[in-house]
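Everything below concerns the one structure shown next.
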Amino acid sequence: MVNELLNPIIIIIVALATGFLLPIVDKKNKSFTVVLFFMALIWIGLIALNGVVNFSSGAVAVEVITAGISPPFSINLQFGLFESVIILATTLIAIMTAWLMLDQLKENVSTLVLFLIWVMGIDGMIMTRDIFNLFIFIEITAICSFVLTGFNHNSNALSAGFKAIIAGTLASSFFLLGVMFLYYQTGTLNIDDMVNNQSLITGVIGHAALVMVLTGVLIELKPYPINGWALDVYQSAPSGIAAMMSVSVSAAYLFVFYKLLPLFQAWVPMITLIAGLTFVVSNFIGLKQTVVKRLLGYSSVAQIALIIMAITLLNGKVSVSLLALITGGLFLNHLLAKSALFWLAGMLNKTHVAQWTNLKKSPVVLFLFGCLLAALVGLPPFPAFWAKWELMMQLATHQQHGWMLLVLLGSLLEAVYLLRWFSGSLNDVKDEESSSPIRINTVTLWLSTVALFVSGFTISHLMGVSITPLFAPILAALFLLLFDELTGKTKAGITCVIAVFYSYDILLHLTGINWIFGLMLLMGSCVFILGSMYRDEQRRGYFPLLLLLIMSLGTLLQAKTSLNFFYGWELMTMSSYLLMNCGKNALKSSFIYLIFSMGAAYFILFAFALVFAQTGTIQLDAMNTISQYQTLIFACFMIGFLIKLGGLGFHVWLPGVYSETEDDYTAILSGVVSKVGVFGLLMAGTHLGQTINDEMVFYVLGWLGVITALLGALMAVFQEDVKKLLAYSSIGQMGYIVACFALMNHLGWVTAMYLSVNHLLYKGLIFLAIAGVIYRTQTTLMYKMGGLLKNMPMSFFSALIGIIAISGVPPLLGFGGKWMLYNAMIEKGWYFQAGMAFFASAIAFLYLFRFIHTVFLGQRKSEHKELVEAPFSLLIPQVLLIIAIMVFSLNAKWLIQPLSDAVAVYYPSTLTWTGTFLQTSQGYWDGYLVMNVVTGVFLLPLIILLLVSTTTKIQKVKQFNIVYAAERPDKPETTHVAYNFYAFYEKALGFWVKPRATQFWNSVAEWSHTMGSACRILYTGNGQTYASLIVLFFVIIYFV
Amino acid sequence: MVIENILQTPLSNIVLITGFFLFTIGLWGVLTHSNIIRMIIGFSLISTGIHLVMISIGYLTNKTAPIINDEIKSELLTSVVDPVPSALVLTSIVISLGVTAVMLSYAIQIHQTKKTLSINDCSEMKW
């Protein structure tokens, strides 16, 4: 009995019977109508669920035969794993949509009936194996879509609905004509029979018939440029209906396309081309779109096109289960995320993207919104991330490089407009309307989000990925999010404790370079978190994200496979981006960071895919066996990692982000996150370095490094904002590291790692010191500071130690770094580069002097008289960092020896030690001796000066000793010594540092937007234009 | 001469050609007339044309009606016309009736809300 009730044919019977019953019941009892309606939907869902359970455990697909006659003389339905999964997914979306729209739907019982029949039509399209029956289900679905689009008599929706009728009717006319001619030639209406007798489809009639059927199906799959009507529908239909159109109806058409695909083998390249064009063009146009639902429409069109591309490119080349994994992952992702976003757009009722602001006031909505967008963009751990990864790997394996680039370009464009929407929602706008917290029913959104997490988990499990290390960061962050009500300091403490234990555990499992970076990144983060206690605010969301960042670093360090590496990379990008916008808003520059990071990730993904194509495995250790495209792969890695560490040309995000984010987080960004790029470089270097014969790429990289060092330093010289000064300084420092890495020998790599550790120590120290100064003075402009030595001696001392270390003068470890740098370059024969690095170091003195002079020395502002030393919790990490700097300066061997050993695995060691005495091929250095000598040299004049100052009378310059020649300047800061400190140098060298990179990227952005506007002029809004395009589309397909 | 040719061509071909002719007229109407009612008439012509084409596909010259029962011997099965297209055409007619009804109700709604029947006035959304 139960089995009979779960027979798939019941889906159609239940829907039809309930459809007839509803109007009758409605006359008697309105509330029972709704119950009956949902019961029917749930029944359909249960049948599908039963199917999923049975078929996934290996049961054979059921064939339902109608009219008691076997096919082809009767209509047969097929109900297997694919069918049941799609029906279950679409029905669940339908149930949730109906629940959300219930108030509108139940006003008129016929709307309920239509909705039910709509669902039946979709399910019928999925199940039927008879092509004429398919036509009938298509028509049923289409008619219901038409009516439901315009059922609220909204003027725009009526226009859109009529355009949809024009397109839909043309599509079904073509389809029906095609079907009849196919029947004429093959003598059957059964799809499987038709496929088996394909040889009968010949001549002009056969060709025309196939083109007609194909056009009919393609129109409904909404390729560019014949999808203008669909976008209008997405924009104007009630949100729930638009959601169903975007996901459920599309699901049915995709499956129909898949069923009929064997008939269209000859057109596969063309379909791929159309889909590829649609994917890229829709995303270009999406850039220009400001209406939320239309934006989602463009994204929908693009996603469907991507799935079609995946099917046409891989069908027959990979196993059915793998294809199902890729397309299923992409589709499930689209289904859950897109429908939920349409619902959200409907519930919030904010038409334009610009209206989506102040979401920080409603953290729950923001969380859900963020998860849904992240899923759509294909970020981990959501299904699309895994599916896109697998898609890339398979495309690379089958040498589809052009298509890979196309997919990545389209994905990047989609990420731009979706994430821009998210970025805008973080904006705090002061206006009455949007600043109150949002109150909506989030149940369905929660269900979709949880389903996204679960399906992401399931797909990664199916791919055979070991899940625990990958999902642990997310679970830990979510767990910490539960305690978000606690005070900021408590949370900082908890985070620090968790991070310490986690780091300890991770470090036990690491060796070599990974261990060294583990020590740097993880222990460094732990030290910096201590500094985060200096603030009294609650800092909602900051600490869970910080934990996520640290644990994603752990994932990255532990990665044995390229997939784990990429996963950790993406997670790190995401968490570091979100952290930038916790508290203060660094929206504009952090958005640039995010987009650049997405681009970087795609370069890395492309490189990993090319490697996979040759090795057939995702194990990182197998990378050194590749024999093709080594230079290209290496270059892709380099671009990807250079973007993260702010290499010249890709640095445009960095100064803005560093200066605008929270001051303690800047220390983490500069000290820790930028080192991940270095880790990436070394990862690529250790695995690929040996395979590359062409030295050119290293040569270019080396020059890029030193030029970055030079221009970074030069740009730092001209900054007024202290954090921007330090940001440009970081860019310059990274330049040295890149140049050393490019040497590709033992000394070069040891120096690169040595400089990384140094930079972590001293730049972290300076950023923490300056965080205290900014906390007290409430400004970042240097000319507004000055003379703070008296108030904040400890911060001054930190900054002093920091700049002595950074400038590379004896006796601190920076000197060792510079010494090794020149040694390594000269050893390699890179004399010009060494000279340029030297020049850059000289310039560094300029900005470092300016920094220490204008912030801590000179005249103190009268309003700063009462300031006190930085908070205690900010000083603790500074003390720790100073101790580390001192220890490593006194005994450089403790630091250099482990680095040397780690690199010695790849290149034979060229360093020899005698006590504290370090010998390279070019010379020797004894850190201990240098320290003693320098201390002696400096101590002597210091004592003399102290003696002099106590015996003679010194008159200090006071604030009012300065005379304005009786005029009050209209820009008071221009009279300040710290303002435009190096005006003379700017005259001489300023042309070097014009914002050329920013101009370049701005023009790229502008060009992309222009491209979008150019592509969308075909969408005139006129139904007849759309009809003409459809006819033209048919003619072109026919003749090509 | 032309008339003779037409007289010699089988009935099904004439129906076929007429069907395509109607289809083309309908399509032309849809693409050139901006009045929604005229467009709907165009769509009706298209579907009627398709129905004629469908019937002509099933019809075989000099074959009898496909009424078969046990008494008729199996060889006779080859001498009847194909009944399937005729059956399909019925379904198709019903569907096109439904679509036309939806279109006409849209026309009514559009006229009520916009006070116009021109498709050109339905282009407020674009890009």
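Residues in the structure tokens are numbered from 1 in each chain, the chains being A, B, ... in the order shown, and ligands are numbered from 1 in the order shown.
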Test item: residues at most 8 Å from Met623 of chain A, only C-alpha atoms, excluding those fewer than 4 positions along its chain, as a ChimeraX atom specification: /A:611,615,619,687-688
Nearby residues (only C-alpha atoms) at most 7 Å from Leu789 of chain A, same-chain spacing under 5 positions excluded, as a list in words: Phe796, Phe856 and Leu857 of chain A
Counting only C-alpha atoms, chain A residues within 6 Å of chain B, as a PyMOL selection string: chain A and resi 159+1016+1019-1022+1024
Shell around segment 404-412 of chain A at 8 Å using only C-alpha atoms, local window under 6 positions removed, as a PyMOL selection string: chain A and resi 276+279-281+283-284+306+377+392+395-396+595+598-599+602+606
Atom-to-atom span, atom CA of Ile271 of chain A and atom CA of Val1040 of chain A, Å: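 Distance between the two atoms: 11.6 Å.
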Neighbours of segment 827-832 of chain A within 10 Å (only C-alpha atoms; same-chain residues fewer than 3 positions away dropped), as a PDB file with C-alpha atoms, in the first residue's frame?
ATOM      1  CA  TYR A 699      65.027  37.344 -13.658  1.00  0.00           C
ATOM      2  CA  GLY A 702      63.876  39.662  -9.330  1.00  0.00           C
ATOM      3  CA  TRP A 703      63.598  42.986 -11.104  1.00  0.00           C
ATOM      4  CA  VAL A 706      63.726  45.413  -6.422  1.00  0.00           C
ATOM      5  CA  LEU A 743      67.472  34.271  -6.681  1.00  0.00           C
ATOM      6  CA  MET A 744      66.467  30.610  -6.458  1.00  0.00           C
ATOM      7  CA  ASN A 745      69.444  29.534  -4.434  1.00  0.00           C
ATOM      8  CA  LEU A 747      71.317  32.077   0.360  1.00  0.00           C
ATOM      9  CA  GLY A 748      68.511  33.839  -1.489  1.00  0.00           C
ATOM     10  CA  LEU A 821      70.571  40.389   0.769  1.00  0.00           C
ATOM     11  CA  TYR A 822      73.576  42.096  -0.848  1.00  0.00           C
ATOM     12  CA  ASN A 823      75.670  38.958  -0.411  1.00  0.00           C
ATOM     13  CA  ALA A 824      73.072  36.828  -2.114  1.00  0.00           C
ATOM     14  CA  GLY A 835      72.584  48.598  -6.292  1.00  0.00           C
ATOM     15  CA  MET A 836      68.928  49.384  -6.632  1.00  0.00           C
ATOM     16  CA  ALA A 837      68.135  47.585  -3.373  1.00  0.00           C
ATOM     17  CA  PHE A 838      70.822  49.665  -1.726  1.00  0.00           C
ATOM     18  CA  THR A 920      79.170  33.181   3.046  1.00  0.00           C
ATOM     19  CA  SER A 921      81.011  33.024  -0.249  1.00  0.00           C
ATOM     20  CA  GLN A 922      81.232  36.818  -0.200  1.00  0.00           C
TER      21      GLN A 922
END
Could you list, as a compact mmCIF listing (two decimals) with N, CA and C atoms, in the first residue's frame, every residue within 8 Å of Thr854 of chain A, counting only C-alpha atoms and ignoring same-chain residues fewer than 2 positions away?
# COMPACT_ATOMS: atom_id res chain seq x y z
N MET A 782 50.39 62.72 10.48
CA MET A 782 51.60 62.92 11.27
C MET A 782 51.78 64.35 11.73
N TYR A 783 51.31 65.32 10.90
CA TYR A 783 51.52 66.71 11.32
C TYR A 783 50.60 67.09 12.47
N MET A 785 50.50 65.13 15.06
CA MET A 785 51.15 64.53 16.22
C MET A 785 52.41 65.34 16.53
N GLY A 786 53.37 64.72 17.15
CA GLY A 786 54.62 65.42 17.43
C GLY A 786 54.89 65.51 18.92
N GLY A 787 56.15 65.34 19.28
CA GLY A 787 56.55 65.51 20.67
C GLY A 787 55.94 64.51 21.64
N ARG A 850 61.46 60.66 9.08
CA ARG A 850 60.27 61.50 9.15
C ARG A 850 59.29 60.95 10.17
N PHE A 851 59.12 59.62 10.14
CA PHE A 851 58.18 58.97 11.04
C PHE A 851 58.54 59.24 12.50
N ILE A 852 59.76 58.91 12.87
CA ILE A 852 60.12 59.03 14.28
C ILE A 852 60.18 60.49 14.70
N PHE A 856 57.19 61.49 17.35
CA PHE A 856 57.63 61.43 18.75
C PHE A 856 58.50 62.62 19.16
N LEU A 857 59.19 63.21 18.21
CA LEU A 857 60.12 64.28 18.57
C LEU A 857 59.51 65.63 18.21
N GLY A 858 60.26 66.66 18.40
CA GLY A 858 59.82 67.99 18.02
C GLY A 858 58.80 68.55 19.00
N ALA A 978 56.19 69.08 9.77
CA ALA A 978 55.96 67.70 9.35
C ALA A 978 55.12 67.61 8.10
Those of segment 56-260 of chain A in DSSP helix (DSSP H, G or I), formatted as a PyMOL selection string: chain A and resi 56+81-100+102-105+109-127+131-149+155-186+191-196+198-200+203-221+228-236+239-260
Find the spatial neighbours of Ser56 of chain B, counting only C-alpha atoms, within a cut-off of 9 Å - ignore same-chain residues fewer than 4 positions away - and output them as a compact mmCIF listing (two decimals) with N, CA and C atoms, in the first residue's frame.
# COMPACT_ATOMS: atom_id res chain seq x y z
N LEU B 11 -2.73 15.67 -51.88
CA LEU B 11 -3.45 16.57 -50.98
C LEU B 11 -2.57 16.97 -49.80
N SER B 12 -1.83 15.98 -49.26
CA SER B 12 -1.05 16.26 -48.05
C SER B 12 -0.03 17.36 -48.29
N ASN B 13 0.52 17.40 -49.51
CA ASN B 13 1.51 18.44 -49.79
C ASN B 13 0.87 19.82 -49.81
N ILE B 14 -0.32 19.87 -50.38
CA ILE B 14 -1.00 21.17 -50.41
C ILE B 14 -1.26 21.64 -48.99
N VAL B 15 -1.70 20.70 -48.16
CA VAL B 15 -1.95 21.05 -46.76
C VAL B 15 -0.66 21.51 -46.10
N LEU B 16 0.41 20.78 -46.40
CA LEU B 16 1.72 21.10 -45.81
C LEU B 16 2.14 22.52 -46.17
N GLY B 19 0.06 25.07 -44.58
CA GLY B 19 0.42 25.19 -43.16
C GLY B 19 1.62 26.09 -42.99
N HIS B 51 -0.73 23.14 -36.95
CA HIS B 51 -1.69 22.02 -36.91
C HIS B 51 -1.87 21.42 -38.29
N LEU B 52 -1.95 22.28 -39.30
CA LEU B 52 -2.09 21.77 -40.67
C LEU B 52 -0.87 20.93 -41.05
N LEU B 60 -1.38 9.75 -45.56
CA LEU B 60 -0.72 9.06 -46.67
C LEU B 60 -1.72 8.91 -47.81
N PRO B 85 -0.43 11.54 -35.60
CA PRO B 85 -0.48 13.00 -35.73
C PRO B 85 -1.87 13.56 -35.51
Residue neighbourhood segment 231-234 of chain A, 8 Å, only C-alpha atoms, exclusion window fewer than 2 positions, as a short mmCIF file (atom, residue, chain, number, x, y, z; two decimals) with C-alpha atoms, in the first residue's frame:
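Heads up, here's the output in part_33.cif:
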data_model
loop_
_atom_site.label_atom_id
_atom_site.label_comp_id
_atom_site.auth_asym_id
_atom_site.auth_seq_id
_atom_site.Cartn_x
_atom_site.Cartn_y
_atom_site.Cartn_z
CA THR A 149 4.18 36.26 -13.43
CA ALA A 157 5.02 42.36 -14.46
CA ALA A 160 7.27 41.22 -18.74
CA GLY A 161 4.67 38.47 -18.74
CA ALA A 164 7.55 35.98 -21.88
CA ASN A 227 16.89 36.31 -22.95
CA GLY A 228 15.73 39.92 -22.61
CA TRP A 229 12.21 38.75 -21.78
CA SER A 236 9.20 42.33 -12.15
CA ALA A 237 7.57 39.02 -11.19
CA SER A 239 9.97 37.46 -5.82
CA ALA A 242 10.99 34.77 -9.91
CA ALA A 243 12.82 32.43 -7.54
CA MET A 245 11.50 30.51 -12.47
CA SER A 246 15.17 30.95 -11.81
CA LYS A 293 16.20 41.37 -8.89
CA ARG A 294 17.49 42.03 -12.38
CA LEU A 296 20.00 38.24 -9.69
CA GLY A 297 18.47 37.57 -13.10
CA TYR A 298 21.78 38.17 -14.85
CA MET B 125 12.11 47.69 -18.42
CA LYS B 126 15.23 47.18 -20.41
#
